[in-house]
>>> print(open('model-v5.pdb').read())   # PDB, C-alpha atoms
ATOM      1  CA  MET A 190       3.655 -10.339   0.356  1.00  0.00           C
ATOM      2  CA  THR A 191       7.348  -9.962   1.114  1.00  0.00           C
ATOM      3  CA  THR A 192       9.157 -10.579   4.359  1.00  0.00           C
ATOM      4  CA  THR A 193      12.067  -9.487   6.468  1.00  0.00           C
ATOM      5  CA  ALA A 194      12.990 -10.651   9.948  1.00  0.00           C
ATOM      6  CA  THR A 195      10.785  -8.089  11.718  1.00  0.00           C
ATOM      7  CA  PHE A 196       7.933  -7.104   9.399  1.00  0.00           C
ATOM      8  CA  LEU A 197       5.777  -8.152   6.425  1.00  0.00           C
ATOM      9  CA  VAL A 198       4.952  -5.910   3.474  1.00  0.00           C
ATOM     10  CA  HIS A 199       1.588  -6.618   1.807  1.00  0.00           C
ATOM     11  CA  ALA A 200       0.485  -5.548  -1.668  1.00  0.00           C
ATOM     12  CA  VAL A 201      -3.225  -5.017  -2.341  1.00  0.00           C
ATOM     13  CA  PRO A 202      -4.695  -8.504  -1.748  1.00  0.00           C
ATOM     14  CA  ALA A 203      -5.269 -10.657  -4.843  1.00  0.00           C
ATOM     15  CA  ALA A 204      -8.922 -11.225  -3.823  1.00  0.00           C
ATOM     16  CA  ALA A 205      -9.575  -7.452  -3.782  1.00  0.00           C
ATOM     17  CA  LEU A 206      -7.906  -7.079  -7.178  1.00  0.00           C
ATOM     18  CA  ASP A 207      -9.886 -10.017  -8.603  1.00  0.00           C
ATOM     19  CA  LEU A 208     -13.145  -8.396  -7.455  1.00  0.00           C
ATOM     20  CA  VAL A 209     -12.246  -5.071  -9.090  1.00  0.00           C
ATOM     21  CA  ARG A 210     -11.228  -6.799 -12.331  1.00  0.00           C
ATOM     22  CA  ARG A 211     -14.353  -8.993 -12.384  1.00  0.00           C
ATOM     23  CA  THR A 212     -16.930  -6.297 -11.545  1.00  0.00           C
ATOM     24  CA  GLY A 213     -15.253  -3.256 -13.091  1.00  0.00           C
ATOM     25  CA  ARG A 214     -16.197  -1.338  -9.916  1.00  0.00           C
ATOM     26  CA  ASP A 215     -14.048   0.064  -7.150  1.00  0.00           C
ATOM     27  CA  ALA A 216     -14.523   0.432  -3.368  1.00  0.00           C
ATOM     28  CA  ALA A 217     -16.824   3.434  -3.925  1.00  0.00           C
ATOM     29  CA  GLY A 218     -18.879   1.629  -6.564  1.00  0.00           C
ATOM     30  CA  GLN A 219     -17.376   3.741  -9.343  1.00  0.00           C
ATOM     31  CA  ARG A 220     -16.314   2.340 -12.717  1.00  0.00           C
ATOM     32  CA  VAL A 221     -12.676   1.295 -12.954  1.00  0.00           C
ATOM     33  CA  GLU A 222     -10.588   3.191 -15.501  1.00  0.00           C
ATOM     34  CA  GLY A 223      -8.363   1.266 -17.943  1.00  0.00           C
ATOM     35  CA  ARG A 224      -5.075   2.913 -18.926  1.00  0.00           C
ATOM     36  CA  LEU A 225      -1.795   2.257 -20.663  1.00  0.00           C
ATOM     37  CA  ALA A 226       1.120   3.081 -18.407  1.00  0.00           C
ATOM     38  CA  GLY A 227       3.284   6.034 -19.305  1.00  0.00           C
ATOM     39  CA  GLY A 228       5.973   4.458 -17.128  1.00  0.00           C
ATOM     40  CA  GLY A 229       6.673   4.958 -13.448  1.00  0.00           C
ATOM     41  CA  GLU A 230       3.147   4.535 -12.055  1.00  0.00           C
ATOM     42  CA  PRO A 231       3.330   2.654  -8.718  1.00  0.00           C
ATOM     43  CA  LEU A 232       1.557  -0.700  -9.162  1.00  0.00           C
ATOM     44  CA  ARG A 233      -0.038  -1.880  -5.903  1.00  0.00           C
ATOM     45  CA  CYS A 234      -0.440  -5.472  -7.143  1.00  0.00           C
ATOM     46  CA  CYS A 235       3.276  -6.247  -7.500  1.00  0.00           C
ATOM     47  CA  LEU A 236       4.876  -3.289  -5.663  1.00  0.00           C
ATOM     48  CA  ARG A 237       6.928  -2.003  -8.542  1.00  0.00           C
ATOM     49  CA  ASP A 238       6.759   0.875 -10.990  1.00  0.00           C
ATOM     50  CA  ALA A 239       4.932   0.270 -14.259  1.00  0.00           C
ATOM     51  CA  GLU A 240       6.823   0.106 -17.523  1.00  0.00           C
ATOM     52  CA  ALA A 241       5.588   2.225 -20.434  1.00  0.00           C
ATOM     53  CA  GLY A 242       2.799   0.503 -22.364  1.00  0.00           C
ATOM     54  CA  GLU A 243       1.675  -1.909 -19.623  1.00  0.00           C
ATOM     55  CA  ALA A 244      -2.108  -2.302 -19.375  1.00  0.00           C
ATOM     56  CA  MET A 245      -3.280  -1.145 -15.977  1.00  0.00           C
ATOM     57  CA  LEU A 246      -6.331  -0.093 -14.015  1.00  0.00           C
ATOM     58  CA  LEU A 247      -6.897   3.047 -11.979  1.00  0.00           C
ATOM     59  CA  PHE A 248      -9.473   2.627  -9.225  1.00  0.00           C
ATOM     60  CA  GLY A 249     -10.464   3.660  -5.715  1.00  0.00           C
ATOM     61  CA  TYR A 250      -9.174   1.344  -2.993  1.00  0.00           C
ATOM     62  CA  ALA A 251      -9.997   1.253   0.729  1.00  0.00           C
ATOM     63  CA  PRO A 252      -7.033  -0.110   2.729  1.00  0.00           C
ATOM     64  CA  PRO A 253      -7.911  -2.726   5.355  1.00  0.00           C
ATOM     65  CA  ILE A 254      -8.642  -1.135   8.737  1.00  0.00           C
ATOM     66  CA  ARG A 255     -11.377  -1.760  11.305  1.00  0.00           C
ATOM     67  CA  ALA A 256     -12.368   1.760  12.374  1.00  0.00           C
ATOM     68  CA  VAL A 257     -14.965   3.007   9.916  1.00  0.00           C
ATOM     69  CA  ALA A 258     -14.247   6.671  10.659  1.00  0.00           C
ATOM     70  CA  TYR A 259     -10.635   6.163   9.497  1.00  0.00           C
ATOM     71  CA  ARG A 260     -11.558   4.253   6.333  1.00  0.00           C
ATOM     72  CA  GLU A 261     -10.357   6.130   3.260  1.00  0.00           C
ATOM     73  CA  ILE A 262     -10.838   5.433  -0.419  1.00  0.00           C
ATOM     74  CA  GLY A 263      -8.102   6.657  -2.689  1.00  0.00           C
ATOM     75  CA  PRO A 264      -6.721   6.098  -6.181  1.00  0.00           C
ATOM     76  CA  VAL A 265      -4.344   3.207  -6.916  1.00  0.00           C
ATOM     77  CA  PHE A 266      -2.873   1.586 -10.018  1.00  0.00           C
ATOM     78  CA  ALA A 267      -2.734  -2.185 -10.635  1.00  0.00           C
ATOM     79  CA  HIS A 268      -2.146  -4.402 -13.638  1.00  0.00           C
ATOM     80  CA  ALA A 269      -5.273  -4.852 -15.760  1.00  0.00           C
ATOM     81  CA  ALA A 270      -4.759  -8.642 -15.714  1.00  0.00           C
ATOM     82  CA  ALA A 271      -3.728 -10.786 -12.753  1.00  0.00           C
ATOM     83  CA  CYS A 272      -0.014 -10.753 -12.087  1.00  0.00           C
ATOM     84  CA  PRO A 273       2.097 -12.960  -9.812  1.00  0.00           C
ATOM     85  CA  GLY A 274       2.446 -10.215  -7.185  1.00  0.00           C
ATOM     86  CA  PRO A 275       5.721  -8.973  -5.706  1.00  0.00           C
ATOM     87  CA  ALA A 276       8.650 -10.850  -7.239  1.00  0.00           C
ATOM     88  CA  HIS A 277      11.380  -9.767  -4.844  1.00  0.00           C
ATOM     89  CA  GLY A 278      12.443 -11.013  -1.454  1.00  0.00           C
ATOM     90  CA  GLY A 279      13.072  -8.704   1.442  1.00  0.00           C
ATOM     91  CA  GLY A 280      10.830  -6.055   2.889  1.00  0.00           C
ATOM     92  CA  HIS A 281      10.542  -2.639   1.358  1.00  0.00           C
ATOM     93  CA  PRO A 282       9.865  -2.712  -2.420  1.00  0.00           C
ATOM     94  CA  PRO A 283      13.168  -2.098  -4.245  1.00  0.00           C
ATOM     95  CA  ASP A 284      11.565   0.173  -6.884  1.00  0.00           C
ATOM     96  CA  TRP A 285      10.346   2.468  -4.131  1.00  0.00           C
ATOM     97  CA  ARG A 286      13.559   2.707  -2.122  1.00  0.00           C
ATOM     98  CA  GLY A 287      14.671   6.325  -2.038  1.00  0.00           C
ATOM     99  CA  ARG A 288      11.124   7.559  -2.640  1.00  0.00           C
ATOM    100  CA  PRO A 289       9.854   9.790   0.171  1.00  0.00           C
ATOM    101  CA  GLN A 290       6.830   8.231   1.863  1.00  0.00           C
ATOM    102  CA  VAL A 291       4.614   8.719   4.876  1.00  0.00           C
ATOM    103  CA  LEU A 292       4.204   5.762   7.215  1.00  0.00           C
ATOM    104  CA  ARG A 293       0.885   6.129   9.032  1.00  0.00           C
ATOM    105  CA  ALA A 294       0.526   4.005  12.192  1.00  0.00           C
ATOM    106  CA  TYR A 295      -2.753   2.343  13.232  1.00  0.00           C
ATOM    107  CA  ASP A 296      -3.708   0.611  16.477  1.00  0.00           C
ATOM    108  CA  ARG A 297      -5.640  -2.694  16.718  1.00  0.00           C
ATOM    109  CA  GLN A 298      -8.960  -0.825  16.458  1.00  0.00           C
ATOM    110  CA  GLY A 299      -7.864   0.788  13.191  1.00  0.00           C
ATOM    111  CA  ARG A 300      -7.375   4.268  14.595  1.00  0.00           C
ATOM    112  CA  ILE A 301      -4.427   6.437  13.617  1.00  0.00           C
ATOM    113  CA  CYS A 302      -1.925   6.459  16.483  1.00  0.00           C
ATOM    114  CA  GLY A 303       1.109   8.117  14.920  1.00  0.00           C
ATOM    115  CA  GLY A 304       3.203   8.213  11.819  1.00  0.00           C
ATOM    116  CA  ARG A 305       6.313   9.528  10.234  1.00  0.00           C
ATOM    117  CA  LEU A 306       7.592  11.047   7.014  1.00  0.00           C
ATOM    118  CA  HIS A 307      10.776   9.406   5.709  1.00  0.00           C
ATOM    119  CA  ASP A 308      12.991  10.095   2.720  1.00  0.00           C
ATOM    120  CA  GLY A 309      13.123   6.460   1.597  1.00  0.00           C
ATOM    121  CA  THR A 310      16.847   5.899   2.201  1.00  0.00           C
ATOM    122  CA  ASP A 311      16.336   3.639   5.246  1.00  0.00           C
ATOM    123  CA  PRO A 312      12.653   2.707   5.476  1.00  0.00           C
ATOM    124  CA  GLU A 313      13.435  -0.326   7.642  1.00  0.00           C
ATOM    125  CA  ALA A 314      14.770   1.934  10.421  1.00  0.00           C
ATOM    126  CA  VAL A 315      11.608   4.066  10.341  1.00  0.00           C
ATOM    127  CA  ILE A 316       9.417   0.945  10.360  1.00  0.00           C
ATOM    128  CA  ALA A 317      11.362  -0.434  13.335  1.00  0.00           C
ATOM    129  CA  GLU A 318      11.061   2.905  15.149  1.00  0.00           C
ATOM    130  CA  LEU A 319       7.287   2.995  14.695  1.00  0.00           C
ATOM    131  CA  PHE A 320       6.863  -0.675  15.677  1.00  0.00           C
ATOM    132  CA  ALA A 321       8.862   0.012  18.875  1.00  0.00           C
ATOM    133  CA  ASP A 322       5.583   1.463  20.166  1.00  0.00           C
ATOM    134  CA  PRO A 323       3.505  -1.561  21.298  1.00  0.00           C
ATOM    135  CA  GLN A 324       0.297   0.352  20.494  1.00  0.00           C
ATOM    136  CA  VAL A 325       1.162   0.242  16.766  1.00  0.00           C
ATOM    137  CA  HIS A 326      -0.467  -2.723  15.052  1.00  0.00           C
ATOM    138  CA  GLN A 327      -0.134  -1.852  11.367  1.00  0.00           C
ATOM    139  CA  LEU A 328       1.493   0.749   9.127  1.00  0.00           C
ATOM    140  CA  HIS A 329       0.241   2.120   5.832  1.00  0.00           C
ATOM    141  CA  SER A 330       2.776   3.550   3.425  1.00  0.00           C
ATOM    142  CA  ARG A 331       1.444   6.538   1.517  1.00  0.00           C
ATOM    143  CA  ASN A 332       2.687   8.742  -1.279  1.00  0.00           C
ATOM    144  CA  VAL A 333       3.840  12.120   0.053  1.00  0.00           C
ATOM    145  CA  VAL A 334       2.458  14.380  -2.677  1.00  0.00           C
ATOM    146  CA  TYR A 335      -0.813  12.645  -3.557  1.00  0.00           C
ATOM    147  CA  GLY A 336      -1.505  10.830  -0.270  1.00  0.00           C
ATOM    148  CA  CYS A 337      -2.282   7.607  -2.129  1.00  0.00           C
ATOM    149  CA  PHE A 338      -2.066   4.266  -0.326  1.00  0.00           C
ATOM    150  CA  MET A 339       1.021   2.252  -1.329  1.00  0.00           C
ATOM    151  CA  PHE A 340       1.130  -0.888   0.890  1.00  0.00           C
ATOM    152  CA  VAL A 341       0.516  -2.318   4.372  1.00  0.00           C
ATOM    153  CA  VAL A 342       3.310  -3.193   6.807  1.00  0.00           C
ATOM    154  CA  GLU A 343       2.643  -5.626   9.682  1.00  0.00           C
ATOM    155  CA  ARG A 344       4.839  -7.156  12.362  1.00  0.00           C
ATOM    156  CA  ALA A 345       6.264 -10.554  11.437  1.00  0.00           C
ATOM    157  CA  ALA A 346       4.862 -13.458  13.448  1.00  0.00           C
ATOM    158  CA  GLY A 347       7.191 -14.971  15.954  1.00  0.00           C
TER     159      GLY A 347
END
>>> encode(input="model-v5.pdb", output="structure tokens")
Amino acid sequence: MTTTATFLVHAVPAAALDLVRRTGRDAAGQRVEGRLAGGGEPLRCCLRDAEAGEAMLLFGYAPPIRAVAYREIGPVFAHAAACPGPAHGGGHPPDWRGRPQVLRAYDRQGRICGGRLHDGTDPEAVIAELFADPQVHQLHSRNVVYGCFMFVVERAAG
């Protein structure tokens, strides 16, 4: 988890990653696929791009939302072994700055209530714009081309 003054960015939770590593099964009950990184794969455990040769897993992940109808399972990469998680301070992952993303907004019931495509140059402004709507409880960042889940953004407490 990383922080800024107004929001928190969350990687895939360590407990979810531990379960996948321990069981070898993903959110859909499918076998997890082991891979060596070619370099540049977005790792959801530490919110950075993989370096060539790193051992990683490819598996289906269901981001945390309440509304069952909006629950999606999609492919994500993570380190094959436990890692310390995001190493940087601040909010938006530095490796992913400048990368176009979709921010999908969810209400407290877990229903989609908006969203926005951004080019990655000022993700904090787009996050602030979406959180200006009091109905928005949580944001999910998603890859533009593949639609894959990247991370969760929540309002900072206080």
>>> resolve_selection(input="model-v5.pdb", expression="the PyMOL selection byres ((chain A and resi 313) around 12)", output="list of chain:residue names")
A:Thr192, A:Thr193, A:Ala194, A:Thr195, A:Phe196, A:Leu197, A:Val198, A:Gly279, A:Gly280, A:His281, A:Pro282, A:Arg286, A:Gly287, A:Leu292, A:His307, A:Asp308, A:Gly309, A:Thr310, A:Asp311, A:Pro312, A:Ala314, A:Val315, A:Ile316, A:Ala317, A:Glu318, A:Leu319, A:Phe320, A:Val342, A:Arg344
>>> resolve_selection(input="model-v5.pdb", expression="the PyMOL selection byres ((chain A and resi 250) around 7)", output="JSON, numbers by chain")
{"A": [215, 216, 248, 249, 251, 252, 262, 263, 264, 265]}
>>> atom_distance(input="model-v5.pdb", atom1="CA of Arg237 in chain A", atom2="CA of Val341 in chain A")
14.4 Å
>>> residues_near_point(input="model-v5.pdb", point="(-0.1, -7.1, 0.0)", cutoff="7 Å", atoms="all atoms listed in the file", output="count of residues only")
8
>>> closest_residue(input="model-v5.pdb", among="A:Arg211, A:Arg293, A:Arg255, A:Arg233", to="Pro275 in chain A", atoms="only C-alpha atoms")
A:Arg233
>>> decode(input="model-v5.pdb", residues="range 212-253 of chain A", atoms="C-alpha atoms", output="CSV table (one decimal), in the first residue's frame")
chain,number,residue,atom,x,y,z
A,212,THR,CA,-2.8,-23.7,-3.4
A,213,GLY,CA,-1.6,-23.2,-7.0
A,214,ARG,CA,-5.2,-22.2,-7.8
A,215,ASP,CA,-6.7,-18.8,-8.8
A,216,ALA,CA,-10.0,-17.1,-8.1
A,217,ALA,CA,-11.8,-19.3,-10.7
A,218,GLY,CA,-10.2,-22.5,-9.3
A,219,GLN,CA,-7.9,-22.8,-12.3
A,220,ARG,CA,-4.2,-23.8,-12.0
A,221,VAL,CA,-1.8,-20.9,-11.7
A,222,GLU,CA,0.8,-20.6,-14.5
A,223,GLY,CA,4.5,-20.1,-13.7
A,224,ARG,CA,6.5,-18.0,-16.1
A,225,LEU,CA,9.8,-16.2,-16.5
A,226,ALA,CA,9.3,-12.5,-17.2
A,227,GLY,CA,10.3,-11.2,-20.6
A,228,GLY,CA,10.5,-7.8,-19.0
A,229,GLY,CA,7.8,-5.1,-18.6
A,230,GLU,CA,4.9,-7.3,-17.3
A,231,PRO,CA,3.0,-5.3,-14.6
A,232,LEU,CA,3.4,-7.0,-11.3
A,233,ARG,CA,0.4,-6.5,-9.0
A,234,CYS,CA,2.2,-7.6,-5.9
A,235,CYS,CA,4.7,-4.7,-5.9
A,236,LEU,CA,3.2,-2.3,-8.5
A,237,ARG,CA,6.2,-2.2,-10.8
A,238,ASP,CA,7.1,-3.7,-14.1
A,239,ALA,CA,8.9,-7.1,-14.1
A,240,GLU,CA,12.6,-7.3,-15.1
A,241,ALA,CA,13.6,-10.0,-17.6
A,242,GLY,CA,14.1,-13.3,-16.0
A,243,GLU,CA,12.1,-12.8,-12.8
A,244,ALA,CA,10.0,-15.8,-11.8
A,245,MET,CA,6.4,-14.8,-11.8
A,246,LEU,CA,2.9,-16.3,-11.8
A,247,LEU,CA,0.0,-15.6,-14.1
A,248,PHE,CA,-3.4,-16.2,-12.6
A,249,GLY,CA,-7.0,-15.1,-12.5
A,250,TYR,CA,-7.8,-12.5,-9.8
A,251,ALA,CA,-11.1,-11.1,-8.6
A,252,PRO,CA,-10.7,-7.5,-7.3
A,253,PRO,CA,-12.4,-6.8,-4.0
